[in-house]
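Chemist: File name target_34.txt; file contents compact mmCIF, C-alpha atoms and all ligand atoms; full text below.
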# COMPACT_ATOMS: atom_id res chain seq x y z
CA GLN A 1 -93.26 -34.06 -189.82
CA LYS A 2 -94.05 -33.75 -186.11
CA ALA A 3 -90.38 -34.24 -185.29
CA GLU A 4 -89.37 -31.57 -187.77
CA TRP A 5 -91.87 -29.14 -186.25
CA ALA A 6 -90.69 -29.86 -182.70
CA LYS A 7 -87.17 -28.78 -183.63
CA LEU A 8 -88.49 -25.38 -184.61
CA LYS A 9 -90.06 -24.70 -181.23
CA ASP A 10 -87.40 -22.35 -179.91
CA GLU A 11 -86.29 -20.95 -183.24
CA PRO A 12 -87.08 -17.51 -184.59
CA THR A 13 -89.38 -17.41 -187.63
CA LEU A 14 -87.21 -16.70 -190.64
CA SER A 15 -87.96 -17.05 -194.33
CA LYS A 16 -85.49 -18.84 -196.61
CA ASP A 17 -83.97 -15.46 -197.46
CA GLY A 18 -83.68 -14.37 -193.84
CA HIS A 19 -86.73 -12.13 -193.41
CA ARG A 20 -88.03 -12.26 -189.85
CA VAL A 21 -91.70 -12.34 -188.91
CA GLU A 22 -93.40 -13.02 -185.60
CA LEU A 23 -95.71 -15.99 -185.04
CA ALA A 24 -98.05 -15.29 -182.16
CA ALA A 25 -101.11 -17.00 -180.73
CA ASN A 26 -104.75 -16.18 -180.20
CA ILE A 27 -105.97 -17.01 -176.71
CA GLY A 28 -109.23 -16.75 -174.78
CA THR A 29 -108.10 -17.42 -171.21
CA PRO A 30 -104.88 -17.68 -169.16
CA ASN A 31 -105.33 -21.48 -169.35
CA ASP A 32 -104.38 -21.31 -173.02
CA ILE A 33 -100.85 -20.07 -172.27
CA GLN A 34 -99.29 -23.50 -171.74
CA GLY A 35 -100.32 -24.51 -175.25
CA VAL A 36 -98.76 -21.34 -176.64
CA LEU A 37 -95.44 -22.00 -174.91
CA ASP A 38 -95.45 -25.69 -175.91
CA ASN A 39 -95.98 -24.68 -179.53
CA GLY A 40 -93.25 -22.07 -179.70
CA GLY A 41 -95.43 -18.94 -179.76
CA GLU A 42 -93.36 -15.75 -179.91
CA GLY A 43 -96.10 -13.76 -178.27
CA ILE A 44 -99.85 -13.34 -177.90
CA GLY A 45 -101.30 -11.54 -180.90
CA LEU A 46 -104.87 -11.57 -179.62
CA TYR A 47 -106.15 -12.14 -176.10
CA ARG A 48 -109.94 -12.18 -176.47
CA THR A 49 -110.93 -10.80 -173.06
CA GLU A 50 -114.66 -11.26 -173.55
CA PHE A 51 -114.45 -14.80 -172.13
CA LEU A 52 -113.78 -13.21 -168.72
CA TYR A 53 -117.22 -11.64 -168.96
CA MET A 54 -119.15 -14.59 -170.40
CA GLY A 55 -120.79 -17.63 -168.76
CA ARG A 56 -121.55 -15.80 -165.50
CA ASP A 57 -124.23 -13.48 -164.16
CA GLN A 58 -122.30 -10.32 -163.39
CA MET A 59 -119.28 -8.31 -164.54
CA PRO A 60 -115.84 -9.55 -163.53
CA THR A 61 -114.38 -7.20 -160.91
CA GLU A 62 -111.28 -5.10 -161.55
CA GLU A 63 -109.36 -7.44 -159.26
CA GLU A 64 -110.41 -10.59 -161.14
CA GLN A 65 -109.40 -8.99 -164.40
CA PHE A 66 -106.10 -7.76 -162.97
CA GLU A 67 -105.22 -11.30 -161.88
CA ALA A 68 -105.99 -12.74 -165.32
CA TYR A 69 -103.98 -10.09 -167.19
CA LYS A 70 -101.07 -10.32 -164.75
CA THR A 71 -100.96 -14.11 -165.12
CA VAL A 72 -100.83 -13.91 -168.91
CA LEU A 73 -98.15 -11.20 -168.89
CA GLU A 74 -95.98 -12.99 -166.33
CA ARG A 75 -96.19 -16.35 -168.02
CA MET A 76 -95.19 -14.83 -171.36
CA GLU A 77 -92.00 -13.51 -169.71
CA GLY A 78 -91.60 -10.25 -171.58
CA LYS A 79 -92.83 -11.50 -174.94
CA PRO A 80 -95.41 -9.20 -176.53
CA VAL A 81 -99.01 -9.68 -175.36
CA VAL A 82 -101.74 -7.89 -177.29
CA VAL A 83 -104.85 -7.64 -175.13
CA ARG A 84 -108.04 -6.71 -176.91
CA THR A 85 -110.53 -4.73 -174.89
CA LEU A 86 -114.05 -6.07 -174.53
CA ASP A 87 -115.55 -7.16 -177.86
CA ILE A 88 -119.04 -8.10 -176.79
CA GLY A 89 -122.11 -7.98 -179.02
CA GLY A 90 -122.66 -9.56 -182.41
CA ASP A 91 -122.89 -13.27 -181.63
CA LYS A 92 -121.44 -12.83 -178.11
CA GLU A 93 -124.12 -11.72 -175.66
CA LEU A 94 -123.94 -10.78 -171.98
CA PRO A 95 -127.43 -11.43 -170.57
CA TYR A 96 -126.73 -9.40 -167.42
CA LEU A 97 -126.26 -6.23 -169.48
CA ASN A 98 -129.95 -6.37 -170.46
CA LEU A 99 -129.36 -4.85 -173.85
CA PRO A 100 -132.34 -4.49 -176.18
CA LYS A 101 -132.53 -7.00 -179.02
CA GLU A 102 -131.29 -5.64 -182.31
CA LEU A 103 -132.29 -6.48 -185.87
CA ASN A 104 -128.67 -6.67 -187.05
CA PRO A 105 -126.46 -7.41 -184.03
CA PHE A 106 -123.30 -7.64 -186.17
CA LEU A 107 -123.96 -4.10 -187.36
CA GLY A 108 -125.14 -2.89 -183.99
CA PHE A 109 -124.15 -1.81 -180.54
CA ARG A 110 -121.03 -3.86 -179.89
CA ALA A 111 -117.37 -3.78 -178.89
CA ILE A 112 -115.87 -0.28 -178.77
CA ARG A 113 -119.28 1.26 -179.45
CA LEU A 114 -120.60 -0.26 -176.24
CA CYS A 115 -117.42 0.55 -174.29
CA LEU A 116 -117.49 4.23 -175.26
CA GLU A 117 -121.08 4.50 -174.04
CA LYS A 118 -120.88 2.27 -170.95
CA GLN A 119 -117.68 3.83 -169.76
CA ASP A 120 -117.76 2.31 -166.28
CA ILE A 121 -117.24 -1.13 -167.85
CA PHE A 122 -114.48 0.16 -170.14
CA ARG A 123 -112.66 2.12 -167.43
CA THR A 124 -112.66 -0.86 -165.06
CA GLN A 125 -111.03 -3.02 -167.72
CA LEU A 126 -108.47 -0.35 -168.62
CA LYS A 127 -107.55 0.15 -164.96
CA ALA A 128 -106.99 -3.58 -164.52
CA LEU A 129 -104.84 -3.64 -167.67
CA LEU A 130 -102.79 -0.62 -166.67
CA ARG A 131 -102.14 -2.04 -163.20
CA ALA A 132 -101.02 -5.34 -164.77
CA SER A 133 -98.79 -3.62 -167.33
CA LYS A 134 -95.67 -3.68 -165.19
CA TYR A 135 -95.62 -7.50 -165.22
CA GLY A 136 -94.73 -7.90 -168.89
CA ASN A 137 -94.88 -6.49 -172.40
CA LEU A 138 -98.48 -5.29 -172.70
CA LYS A 139 -100.02 -3.83 -175.85
CA ILE A 140 -103.64 -2.67 -175.79
CA MET A 141 -105.93 -3.08 -178.80
CA PHE A 142 -109.40 -1.67 -179.44
CA PRO A 143 -111.87 -3.81 -181.44
CA MET A 144 -114.34 -2.76 -184.16
CA ILE A 145 -112.91 0.70 -184.72
CA ALA A 146 -114.77 2.35 -187.62
CA THR A 147 -113.68 5.99 -187.30
CA ILE A 148 -110.61 7.93 -186.22
CA ASP A 149 -112.76 9.69 -183.67
CA GLU A 150 -113.57 6.40 -181.89
CA PHE A 151 -109.86 5.71 -181.58
CA HIS A 152 -109.16 9.16 -180.15
CA GLN A 153 -112.01 8.80 -177.63
CA ALA A 154 -110.86 5.36 -176.50
CA LYS A 155 -107.24 6.45 -176.22
CA ALA A 156 -108.20 9.58 -174.27
CA ILE A 157 -110.09 7.45 -171.74
CA LEU A 158 -107.07 5.16 -171.44
CA LEU A 159 -104.77 8.13 -170.79
CA GLU A 160 -107.18 9.54 -168.19
CA GLU A 161 -107.20 6.24 -166.30
CA LYS A 162 -103.42 6.03 -166.54
CA GLU A 163 -103.03 9.55 -165.16
CA LYS A 164 -105.34 8.73 -162.22
CA LEU A 165 -103.26 5.67 -161.33
CA VAL A 166 -99.99 7.58 -161.61
CA GLN A 167 -101.41 10.32 -159.36
CA ALA A 168 -102.34 7.64 -156.83
CA GLY A 169 -98.74 6.40 -156.85
CA ILE A 170 -99.46 3.15 -158.71
CA GLU A 171 -96.80 1.93 -161.07
CA VAL A 172 -97.82 1.73 -164.72
CA ALA A 173 -95.58 0.81 -167.66
CA ASP A 174 -95.09 3.90 -169.79
CA ASP A 175 -94.24 2.22 -173.07
CA ILE A 176 -97.59 0.50 -173.69
CA GLU A 177 -98.35 0.44 -177.42
CA VAL A 178 -101.97 1.22 -178.30
CA GLY A 179 -103.39 -0.17 -181.53
CA ILE A 180 -106.57 -1.15 -183.27
CA MET A 181 -108.18 -4.08 -185.00
CA VAL A 182 -108.75 -3.42 -188.68
CA GLU A 183 -111.94 -5.38 -189.26
CA ILE A 184 -114.26 -2.77 -190.75
CA PRO A 185 -113.74 -1.72 -194.38
CA SER A 186 -113.89 2.02 -193.57
CA THR A 187 -110.86 1.59 -191.35
CA ALA A 188 -108.91 -0.37 -193.96
CA VAL A 189 -109.68 2.31 -196.55
CA MET A 190 -108.55 5.04 -194.12
CA ALA A 191 -105.48 3.13 -192.95
CA ASP A 192 -103.13 5.91 -194.07
CA GLN A 193 -104.81 8.31 -191.63
CA PHE A 194 -105.09 5.76 -188.81
CA ALA A 195 -101.42 4.90 -189.25
CA LYS A 196 -100.48 8.41 -188.12
CA VAL A 197 -102.18 7.98 -184.75
CA VAL A 198 -102.05 4.29 -183.75
CA ASP A 199 -98.98 2.29 -182.71
CA PHE A 200 -99.99 -0.83 -184.63
CA PHE A 201 -102.73 -2.55 -186.60
CA SER A 202 -104.03 -6.09 -186.30
CA ILE A 203 -106.17 -7.15 -189.23
CA GLY A 204 -109.23 -9.10 -188.11
CA THR A 205 -110.11 -10.95 -191.26
CA ASN A 206 -112.97 -12.93 -189.70
CA ASP A 207 -114.99 -9.74 -189.54
CA LEU A 208 -113.26 -7.83 -192.34
CA ILE A 209 -114.35 -10.50 -194.83
CA GLN A 210 -117.96 -10.57 -193.64
CA TYR A 211 -118.27 -6.78 -193.72
CA THR A 212 -116.51 -6.36 -197.06
CA MET A 213 -118.50 -9.08 -198.80
CA ALA A 214 -121.71 -8.33 -196.83
CA ALA A 215 -121.92 -12.04 -196.01
CA ASP A 216 -122.67 -13.06 -192.42
CA ARG A 217 -119.81 -15.26 -191.19
CA MET A 218 -122.33 -17.58 -189.46
CA ASN A 219 -124.82 -17.95 -192.33
CA GLU A 220 -124.26 -21.08 -194.41
CA ARG A 221 -126.54 -19.94 -197.22
CA VAL A 222 -124.11 -17.15 -198.07
CA SER A 223 -120.89 -18.89 -197.07
CA TYR A 224 -119.86 -19.08 -200.75
CA LEU A 225 -119.36 -15.32 -200.53
CA TYR A 226 -117.16 -15.57 -197.48
CA GLN A 227 -113.97 -15.47 -199.54
CA PRO A 228 -110.64 -14.79 -197.82
CA TYR A 229 -108.86 -14.93 -201.18
CA ASN A 230 -111.13 -12.59 -203.03
CA PRO A 231 -108.81 -9.94 -204.51
CA ALA A 232 -110.98 -7.31 -202.78
CA ILE A 233 -109.84 -8.68 -199.42
CA LEU A 234 -106.23 -8.99 -200.51
CA ARG A 235 -106.26 -5.41 -201.77
CA LEU A 236 -107.57 -4.14 -198.44
CA ILE A 237 -104.91 -6.12 -196.58
CA SER A 238 -102.26 -4.67 -198.87
CA ILE A 239 -103.52 -1.11 -198.38
CA VAL A 240 -103.36 -1.56 -194.61
CA ILE A 241 -99.85 -3.02 -194.60
CA ASP A 242 -98.42 -0.37 -196.94
CA ALA A 243 -100.05 2.46 -194.98
CA ALA A 244 -98.64 1.20 -191.70
CA HIS A 245 -95.15 0.70 -193.04
CA LYS A 246 -95.14 4.18 -194.52
CA GLU A 247 -95.53 5.50 -190.98
CA GLY A 248 -93.08 3.03 -189.47
CA LYS A 249 -95.79 1.02 -187.70
CA TRP A 250 -96.13 -2.77 -187.58
CA VAL A 251 -99.07 -4.84 -188.79
CA GLY A 252 -100.36 -8.15 -187.53
CA MET A 253 -103.26 -10.33 -188.49
CA CYS A 254 -105.34 -12.21 -185.93
CA GLY A 255 -108.15 -13.57 -188.08
CA GLU A 256 -108.24 -17.27 -189.02
CA MET A 257 -106.59 -16.45 -192.32
CA ALA A 258 -103.22 -15.77 -190.66
CA GLY A 259 -102.65 -19.48 -189.99
CA ASP A 260 -103.88 -20.78 -193.34
CA PRO A 261 -101.17 -22.40 -195.50
CA ILE A 262 -102.65 -20.81 -198.64
CA ALA A 263 -102.69 -17.35 -197.07
CA ILE A 264 -99.19 -17.48 -195.62
CA PRO A 265 -97.19 -17.02 -198.87
CA LEU A 266 -99.55 -14.19 -199.89
CA LEU A 267 -99.28 -12.43 -196.53
CA LEU A 268 -95.52 -12.80 -196.45
CA GLY A 269 -95.39 -11.25 -199.91
CA LEU A 270 -97.65 -8.38 -198.86
CA GLY A 271 -95.28 -7.66 -195.96
CA LEU A 272 -97.27 -8.76 -192.88
CA ASP A 273 -95.10 -8.47 -189.74
CA GLU A 274 -96.98 -10.60 -187.22
CA PHE A 275 -99.19 -13.65 -187.78
CA SER A 276 -101.45 -14.57 -184.87
CA MET A 277 -103.20 -17.95 -184.96
CA SER A 278 -104.34 -20.86 -182.86
CA ALA A 279 -101.35 -22.31 -181.01
CA THR A 280 -101.40 -25.61 -182.88
CA SER A 281 -100.88 -23.83 -186.22
CA ILE A 282 -97.65 -22.07 -185.15
CA LEU A 283 -95.07 -24.80 -185.80
CA PRO A 284 -96.52 -25.83 -189.18
CA ALA A 285 -96.52 -22.13 -190.15
CA ARG A 286 -92.91 -21.68 -189.03
CA SER A 287 -91.89 -24.72 -191.04
CA GLN A 288 -93.71 -23.38 -194.11
CA ILE A 289 -92.20 -19.88 -193.84
CA LYS A 290 -88.71 -21.32 -193.50
CA LYS A 291 -89.09 -22.78 -197.00
CA LEU A 292 -90.48 -19.58 -198.57
CA SER A 293 -88.52 -16.72 -200.05
CA LYS A 294 -89.91 -13.35 -199.01
CA GLN A 295 -88.46 -11.75 -202.12
CA GLU A 296 -90.10 -14.29 -204.38
CA ALA A 297 -93.45 -14.00 -202.56
CA GLU A 298 -93.23 -10.22 -202.92
CA SER A 299 -92.59 -10.46 -206.65
CA PHE A 300 -96.12 -11.91 -207.12
CA LYS A 301 -97.83 -9.07 -205.30
CA GLU A 302 -98.97 -6.98 -208.29
CA LYS A 303 -100.02 -10.05 -210.24
CA VAL A 304 -102.18 -11.43 -207.43
CA LEU A 305 -103.74 -8.06 -206.60
CA SER A 306 -104.85 -7.67 -210.20
CA MET A 307 -106.55 -11.06 -210.44
CA GLN A 308 -110.32 -11.22 -210.83
CA THR A 309 -111.50 -14.12 -208.71
CA THR A 310 -110.84 -16.17 -205.59
CA GLU A 311 -110.39 -19.30 -207.70
CA GLU A 312 -107.69 -17.63 -209.75
CA VAL A 313 -105.78 -16.60 -206.62
CA VAL A 314 -106.08 -19.99 -204.94
CA SER A 315 -105.01 -22.00 -207.95
CA PHE A 316 -102.06 -19.64 -208.57
CA VAL A 317 -100.87 -19.98 -204.96
CA LYS A 318 -101.28 -23.75 -204.94
CA LYS A 319 -99.35 -24.15 -208.16
CA THR A 320 -96.59 -21.63 -207.40
CA PHE A 321 -95.91 -22.74 -203.85
CA GLN A 322 -96.79 -26.41 -204.26
CA ILE A 323 -99.44 -26.55 -201.56
C1 LIG B 1 -111.61 -11.07 -186.41
O1 LIG B 1 -112.67 -10.45 -186.57
O2 LIG B 1 -110.89 -11.47 -187.36
C2 LIG B 1 -111.12 -11.38 -185.06
C3 LIG B 1 -109.93 -11.89 -184.85
O3 LIG B 1 -111.98 -11.15 -184.03
P1 LIG B 1 -113.16 -12.14 -183.62
O4 LIG B 1 -112.98 -13.42 -184.41
O5 LIG B 1 -113.02 -12.31 -182.15
O6 LIG B 1 -114.34 -11.34 -184.04
MG MG B 2 -113.71 -9.49 -184.95
Let me see whether you can do it: turn the structure in this file into structure tokens.
Ligand code: PEP
Ligand code: MG
Modeler:
Amino acid sequence: QKAEWAKLKDEPTLSKDGHRVELAANIGTPNDIQGVLDNGGEGIGLYRTEFLYMGRDQMPTEEEQFEAYKTVLERMEGKPVVVRTLDIGGDKELPYLNLPKELNPFLGFRAIRLCLEKQDIFRTQLKALLRASKYGNLKIMFPMIATIDEFHQAKAILLEEKEKLVQAGIEVADDIEVGIMVEIPSTAVMADQFAKVVDFFSIGTNDLIQYTMAADRMNERVSYLYQPYNPAILRLISIVIDAAHKEGKWVGMCGEMAGDPIAIPLLLGLGLDEFSMSATSILPARSQIKKLSKQEAESFKEKVLSMQTTEEVVSFVKKTFQI
């Protein structure tokens, strides 16, 4: 099997009936790039930048960030790199920010909410990203977007920082796509409206599942409710994909689900364009997709979306696709 996977390293990801999708990787630091290249990643679907800010006692400077982003972009040699702006809060704390303790950190002051209020932190990161943009194919993604207004505010700040750099004579790529994570149910439900204003979506199922099922992703007592294959989750994913495609936008997924062999036939059938996963899952996923027919997967869409339970979905997928 390993030998079969190795042969697929430099191949595009095509289904049996010739439908192309992109298999990208999730990374946390520039050190992860070698693994992505060794495993045939077609891009970076999620660069979690918060690791630059963690395990230290002060903010990373603009220069430190610039170097990290530039390294990732250069090493990916023009392949798409989706960088997610700071997603701190929830389970990821920054002691040096001295934020008050919250009763429900996962429902609290985190990610884009924090960035829109502490704009100095956000603007520094955006400047570093914009300066690095000329070294590759950068796409910028905002995490934990719950309202259209948050997206407009974040994008306006990005455009202000870009304008300042241009005025100062600094070169900035002018084709940077700007998208959002879809990881809050309100955003999935409103995907048709978001699709008019964003360049792309990336579905963050790790959070989307916990918020949809109201089951903390870290709490074992309620882990039975953390159900990626609950039809409620599949319906939200389907709504998001259809809404994006209607506006000619692409949709990725960067939650754990994207690399799961049971999810892959479902996601292919729902029309997902980009699957972003840990690097070691890429070649097995490419091998699996090569044996799947997109048309056949699509023909099960209505049936699966009208099922009642997770168990029903999982046993149907296992039986139909022999997993
Ligand atoms: C997600 O929520 O699915 C996601 C990819 O983001 P994180 O796991 O970093 O919260
Ligand atoms: Mg998340």
Chemist: For ligand LIG 1 (chain B), which residue out of A:Asp57, A:Asp207, A:Glu63, A:Glu296 is the nearest one, using only C-alpha atoms and all ligand atoms?
Modeler: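 For ligand LIG 1 (chain B), the nearest of the candidates is A:Asp207.
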Chemist: Which residue out of A:Ala279, A:Leu292, A:Ala215, A:Ala68 has the minimum interatomic distance to Cys254 in chain A when all atoms listed in the file are used?
Modeler: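 Under the stated criterion, the closest residue is A:Ala279.
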Chemist: Find the axis-aligned box for ligand LIG 1 (chain B), covering all its listed atoms and adding 6 Å on each side, and write its centre and edge lengths in Å to one decimal as JSON.
Modeler:
{"center_x": -112.1, "center_y": -11.9, "center_z": -184.8, "size_x": 16.4, "size_y": 15.0, "size_z": 17.2}
Chemist: Any idea what the distance is between CA of Lys318 in chain A and CA of Gln227 in chain A?
Modeler: 16.1 Å
Chemist: What does the structure give for the distance between CA of Ile44 in chain A and CA of Ala24 in chain A, in Å to one decimal?
Modeler: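 For CA of Ile44 in chain A relative to CA of Ala24 in chain A, the distance reads 5.0 Å.
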Chemist: Pick out the residues sitting within 12 Å of Pro100 in chain A, and hand them over as a ChimeraX atom specification; count only C-alpha atoms, and ignore anything fewer than 6 positions along from it in its own chain.
Modeler: /A:89,93-94,108-110
Chemist: List all protein, DNA and RNA residues that have any atom at most 8 Å from ligand MG 2 (chain B), counting all atoms listed in the file, and write the list as a list of chain:residue names.
Modeler: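 The residues within 8 Å of ligand MG 2 (chain B), counting all atoms listed in the file, are A:Asp87, A:Pro143, A:Met144, A:Met181, A:Glu183, A:Gly204, A:Thr205, A:Asn206, A:Asp207, A:Leu208, A:Gly255.
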Chemist: Which one is closest to ligand LIG 1 (chain B): A:Leu103, A:Met257, A:Ala156, A:Ala168? Count only C-alpha atoms and all ligand atoms.
Modeler: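 Looking only at the distances to ligand LIG 1 (chain B), the closest residue turns out to be A:Met257.
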Chemist: Which residue, A:Ile148, A:Val166, A:Asp91, A:Ile233, has the smallest gap to Pro185 in chain A when you use all atoms listed in the file?
Modeler: A:Ile233
Chemist: Do you have the CA of Glu274 in chain A-CA of Ser202 in chain A distance handy?
Modeler: 8.4 Å
Chemist: Counting all atoms listed in the file, which residues of range 200-230 of chain A sit at most 8 Å from some atom of range 245-252 of chain A, and what is each one's closest atom pair with its distance in Å to one decimal, listed by chain and rising residue number, as a tab-separated table?
Modeler:
residue	atom	partner	partner_atom	distance
A:Phe200	CA	A:Trp250	CA	5.2
A:Phe201	CA	A:Val251	CA	4.8
A:Ser202	CA	A:Gly252	CA	4.4
A:Ile203	CA	A:Gly252	CA	6.1
Chemist: Anything within 10 Å of (-84.5, -17.1, -193.2): list those residues as a PyMOL selection string, counting all atoms listed in the file and sticking to the file's coordinates.
Modeler: chain A and resi 12-21+289-294
Chemist: Please list as a list of chain:residue names every residue within 12 Å of Ser299 in chain A, counting all atoms listed in the file and excluding residues in the same chain fewer than 4 positions away.
Modeler: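 Near neighbours after the sequence-gap exclusion: A:Pro265, A:Leu266, A:Leu268, A:Gly269, A:Leu270, A:Gly271, A:Ser293, A:Lys294, A:Gln295, A:Lys303, A:Val304, A:Leu305, A:Thr320.
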Chemist: Output the selection as a PDB file, keeping the file's coordinate frame - C-alpha atoms for each residue.
Modeler:
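Result file follows (again_31.pdb):
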ATOM      1  CA  PRO A 265     -97.190 -17.020-198.870  1.00  0.00           C
ATOM      2  CA  LEU A 266     -99.550 -14.190-199.890  1.00  0.00           C
ATOM      3  CA  LEU A 268     -95.520 -12.800-196.450  1.00  0.00           C
ATOM      4  CA  GLY A 269     -95.390 -11.250-199.910  1.00  0.00           C
ATOM      5  CA  LEU A 270     -97.650  -8.380-198.860  1.00  0.00           C
ATOM      6  CA  GLY A 271     -95.280  -7.660-195.960  1.00  0.00           C
ATOM      7  CA  SER A 293     -88.520 -16.720-200.050  1.00  0.00           C
ATOM      8  CA  LYS A 294     -89.910 -13.350-199.010  1.00  0.00           C
ATOM      9  CA  GLN A 295     -88.460 -11.750-202.120  1.00  0.00           C
ATOM     10  CA  LYS A 303    -100.020 -10.050-210.240  1.00  0.00           C
ATOM     11  CA  VAL A 304    -102.180 -11.430-207.430  1.00  0.00           C
ATOM     12  CA  LEU A 305    -103.740  -8.060-206.600  1.00  0.00           C
ATOM     13  CA  THR A 320     -96.590 -21.630-207.400  1.00  0.00           C
TER      14      THR A 320
END
Chemist: Looking at all atoms listed in the file, which of A:Ser223, A:Gln1, A:Ser278, A:Asn230 is the one that sits closest to ligand LIG 1 (chain B)?
Modeler: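 Looking only at the distances to ligand LIG 1 (chain B), the closest residue turns out to be A:Ser278.
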